[in-house]
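Q: The file below is final-v2.cif, mmCIF, C-alpha atoms:
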```
data_run
loop_
_atom_site.label_atom_id
_atom_site.label_comp_id
_atom_site.auth_asym_id
_atom_site.auth_seq_id
_atom_site.Cartn_x
_atom_site.Cartn_y
_atom_site.Cartn_z
CA MET A 7 19.56 47.13 15.94
CA GLU A 8 22.90 46.42 14.30
CA ASN A 9 23.88 43.65 16.75
CA GLN A 10 20.72 41.54 16.41
CA PRO A 11 21.20 38.03 15.01
CA PRO A 12 19.61 37.35 11.63
CA ILE A 13 16.16 35.77 11.69
CA PRO A 14 16.17 32.20 10.34
CA PRO A 15 14.10 31.84 7.18
CA ASN A 16 10.42 31.05 7.66
CA GLN A 17 10.58 31.25 11.47
CA TYR A 18 8.00 34.02 11.63
CA SER A 19 6.46 33.42 8.24
CA THR A 20 2.71 33.19 7.80
CA ASN A 21 3.16 30.14 5.53
CA PRO A 22 5.25 27.58 7.43
CA GLN A 23 6.89 24.84 5.44
CA ILE A 24 5.47 21.35 5.74
CA PRO A 25 7.13 18.01 5.01
CA LEU A 26 6.37 16.16 1.82
CA PRO A 27 3.57 13.66 2.45
CA ASN A 28 5.39 10.51 1.30
CA GLY A 29 9.05 11.45 1.82
CA THR A 30 9.60 9.19 4.83
CA ALA A 31 7.52 6.37 3.35
CA ALA A 32 9.60 6.45 0.15
CA LEU A 33 12.80 6.27 2.22
CA VAL A 34 11.57 3.37 4.34
CA LEU A 35 10.31 1.42 1.32
CA GLY A 36 13.57 2.12 -0.52
CA ILE A 37 15.59 0.69 2.36
CA ILE A 38 13.25 -2.32 2.61
CA SER A 39 13.71 -2.90 -1.12
CA ILE A 40 17.47 -3.18 -0.65
CA VAL A 41 17.10 -5.61 2.26
CA GLY A 42 14.20 -7.46 0.63
CA CYS A 43 16.03 -8.14 -2.62
CA PHE A 44 17.39 -11.34 -1.07
CA CYS A 45 13.85 -12.72 -0.49
CA TYR A 46 13.81 -14.25 -3.96
CA GLY A 47 13.70 -10.70 -5.34
CA LEU A 48 9.94 -10.34 -4.95
CA VAL A 49 9.84 -8.23 -1.77
CA GLY A 50 12.49 -5.91 -3.17
CA LEU A 51 10.65 -5.57 -6.47
CA ILE A 52 7.34 -4.70 -4.83
CA CYS A 53 8.78 -2.23 -2.30
CA GLY A 54 11.09 -0.65 -4.88
CA ILE A 55 8.28 -0.04 -7.35
CA ILE A 56 6.03 1.45 -4.66
CA ALA A 57 8.87 3.69 -3.42
CA LEU A 58 9.56 4.93 -6.95
CA VAL A 59 5.90 5.72 -7.56
CA LEU A 60 5.62 7.60 -4.25
CA SER A 61 8.83 9.53 -4.84
CA ASN A 62 7.81 10.55 -8.37
CA LYS A 63 4.41 11.68 -7.09
CA ASP A 64 5.95 13.79 -4.33
CA MET A 65 8.62 15.20 -6.65
CA ARG A 66 5.88 16.53 -8.93
CA LEU A 67 4.19 18.02 -5.86
CA TYR A 68 7.45 19.63 -4.76
CA ASN A 69 8.16 21.06 -8.22
CA MET A 70 4.78 22.80 -8.24
CA ASN A 71 5.57 24.77 -5.05
CA PRO A 72 9.16 24.30 -3.73
CA SER A 73 8.87 26.94 -1.01
CA ALA A 74 6.01 25.09 0.72
CA TYR A 75 8.03 22.01 1.69
CA THR A 76 10.98 21.41 4.00
CA GLN A 77 14.43 20.56 2.72
CA GLY A 78 14.67 17.61 5.11
CA SER A 79 11.69 15.90 3.56
CA LEU A 80 13.13 16.57 0.10
CA SER A 81 16.37 14.92 1.20
CA ASN A 82 14.43 11.91 2.49
CA LEU A 83 12.58 11.74 -0.82
CA LYS A 84 15.77 11.82 -2.89
CA ALA A 85 17.47 9.23 -0.66
CA GLY A 86 14.39 7.01 -0.87
CA LYS A 87 14.41 7.23 -4.65
CA VAL A 88 18.10 6.29 -4.80
CA CYS A 89 17.56 3.37 -2.40
CA ALA A 90 14.55 2.24 -4.43
CA ILE A 91 16.56 2.24 -7.66
CA ILE A 92 19.38 0.29 -6.02
CA GLY A 93 16.95 -2.17 -4.41
CA LEU A 94 15.02 -2.59 -7.64
CA SER A 95 18.21 -3.27 -9.60
CA LEU A 96 19.47 -5.81 -7.06
CA SER A 97 16.05 -7.46 -6.90
CA ILE A 98 15.87 -7.83 -10.67
CA LEU A 99 19.38 -9.31 -10.78
CA PHE A 100 18.65 -11.70 -7.91
CA PHE A 101 15.31 -12.71 -9.47
CA ILE A 102 17.04 -13.47 -12.78
CA TYR A 103 19.70 -15.47 -10.87
CA ILE A 104 17.03 -17.54 -9.08
CA ILE A 105 15.25 -18.26 -12.37
CA PHE A 106 18.58 -19.30 -13.93
CA ILE A 107 19.30 -21.68 -11.03
CA ILE A 108 15.83 -23.22 -11.25
CA PHE A 109 16.10 -23.75 -15.02
CA SER A 110 19.65 -25.12 -14.73
CA PHE A 111 18.64 -27.56 -12.01
CA GLY A 112 15.53 -28.57 -13.96
CA PHE A 113 17.52 -29.07 -17.13
CA ALA A 114 20.07 -31.21 -15.29
CA ILE A 115 17.31 -33.42 -13.92
CA LEU A 116 15.50 -33.74 -17.24
CA SER A 117 18.66 -34.56 -19.19
CA ASP A 118 19.28 -37.76 -17.19
CA PRO A 119 16.48 -38.47 -14.68
CA HIS A 120 17.57 -42.05 -13.94
CA HIS A 121 21.06 -40.98 -12.93
CA PHE A 122 19.63 -38.26 -10.73
CA MET A 123 17.22 -40.65 -9.01
CA GLU A 124 20.04 -43.15 -8.39
CA GLN A 125 22.14 -40.44 -6.80
CA PHE A 126 19.17 -39.28 -4.75
CA ASN A 127 18.24 -42.80 -3.53
CA ASN A 128 21.84 -43.71 -2.60
CA ARG A 129 22.03 -40.99 0.05
#
```
Written as structure tokens, how would this file's structure read?
A:
Amino acid sequence: MENQPPIPPNQYSTNPQIPLPNGTAALVLGIISIVGCFCYGLVGLICGIIALVLSNKDMRLYNMNPSAYTQGSLSNLKAGKVCAIIGLSLSILFFIYIIFIIFSFGFAILSDPHHFMEQFNNR
């Protein structure tokens, strides 16, 4: 009996651990929010907000009963939340940049529309 290897936790347990329901979805949406931030910021904003909502919901679920869920799904959840925050931040910055460019271009046209039309027609 002394030379037997230790039993891994929860291998023979009556209550097996399950993954968090939205851990993978939060990770995927967080990654999409980083990539989607360059689509005028809208795709990144939408996916980032959804990923944050899902990760907060699952974090509350995990905090109620931590022993019921796997550590891998918790890691996915935390990584998804970090990716969502990064994607959301980049999307907001890119969205503000696009709005600035549109207003700058519009202001340049409105300040001297005849000059702009001459330049446009001469091409």
Q: Pick out the closest residue to A:Asp64 from this set: A:Leu80, A:Ile98, A:Ile104, A:Ile24. Count all atoms listed in the file.
A: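 Closest to A:Asp64, using all atoms listed in the file: A:Leu80.
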Q: Applied to this file, what does the PyMOL selection byres ((chain A and resi 89-93) around 6) return in terms of residues, put as a tab-separated table (two decimals) with C-alpha atoms, keeping the file's coordinate frame?
A:
```tsv
chain	number	residue	atom	x	y	z
A	36	GLY	CA	13.57	2.12	-0.52
A	37	ILE	CA	15.59	0.69	2.36
A	39	SER	CA	13.71	-2.90	-1.12
A	40	ILE	CA	17.47	-3.18	-0.65
A	50	GLY	CA	12.49	-5.91	-3.17
A	54	GLY	CA	11.09	-0.65	-4.88
A	57	ALA	CA	8.87	3.69	-3.42
A	86	GLY	CA	14.39	7.01	-0.87
A	87	LYS	CA	14.41	7.23	-4.65
A	88	VAL	CA	18.10	6.29	-4.80
A	94	LEU	CA	15.02	-2.59	-7.64
A	95	SER	CA	18.21	-3.27	-9.60
A	96	LEU	CA	19.47	-5.81	-7.06
A	97	SER	CA	16.05	-7.46	-6.90
```
Q: Mind telling me what the PyMOL selection byres ((chain A and resi 75) around 9) catches here, as a PDB file with C-alpha atoms, in the coordinates of the input?
A:
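Below is the file that was written, out-v4.pdb:
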```pdb
ATOM      1  CA  PRO A  22       5.250  27.580   7.430  1.00  0.00           C
ATOM      2  CA  GLN A  23       6.890  24.840   5.440  1.00  0.00           C
ATOM      3  CA  ILE A  24       5.470  21.350   5.740  1.00  0.00           C
ATOM      4  CA  PRO A  25       7.130  18.010   5.010  1.00  0.00           C
ATOM      5  CA  LEU A  26       6.370  16.160   1.820  1.00  0.00           C
ATOM      6  CA  TYR A  68       7.450  19.630  -4.760  1.00  0.00           C
ATOM      7  CA  ASN A  71       5.570  24.770  -5.050  1.00  0.00           C
ATOM      8  CA  PRO A  72       9.160  24.300  -3.730  1.00  0.00           C
ATOM      9  CA  SER A  73       8.870  26.940  -1.010  1.00  0.00           C
ATOM     10  CA  ALA A  74       6.010  25.090   0.720  1.00  0.00           C
ATOM     11  CA  THR A  76      10.980  21.410   4.000  1.00  0.00           C
ATOM     12  CA  GLN A  77      14.430  20.560   2.720  1.00  0.00           C
ATOM     13  CA  GLY A  78      14.670  17.610   5.110  1.00  0.00           C
ATOM     14  CA  SER A  79      11.690  15.900   3.560  1.00  0.00           C
ATOM     15  CA  LEU A  80      13.130  16.570   0.100  1.00  0.00           C
TER      16      LEU A  80
END
```
Q: Out of A:Pro119, A:Gly29, A:Gly42, A:Gly112, which residue has the shortest atom-to-atom distance to A:Ala85 when counting only C-alpha atoms?
A: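 Of A:Pro119, A:Gly29, A:Gly42, A:Gly112, the one nearest A:Ala85, counting only C-alpha atoms, is A:Gly29.
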Q: What is the atom CA of A:Asn62 to atom CA of A:Gly47 distance in Å?
A: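 According to the coordinates, atom CA of A:Asn62 and atom CA of A:Gly47 are separated by 22.3 Å.
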Q: Just how far from atom CA of A:Asn82 is atom CA of A:Leu33, in Å to one decimal?
A: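 One can read the atom CA of A:Leu33 to atom CA of A:Asn82 distance as 5.9 Å.
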Q: Just how far from atom CA of A:Ile107 is atom CA of A:Tyr46, in Å to one decimal?
A: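 It comes out at 11.6 Å.
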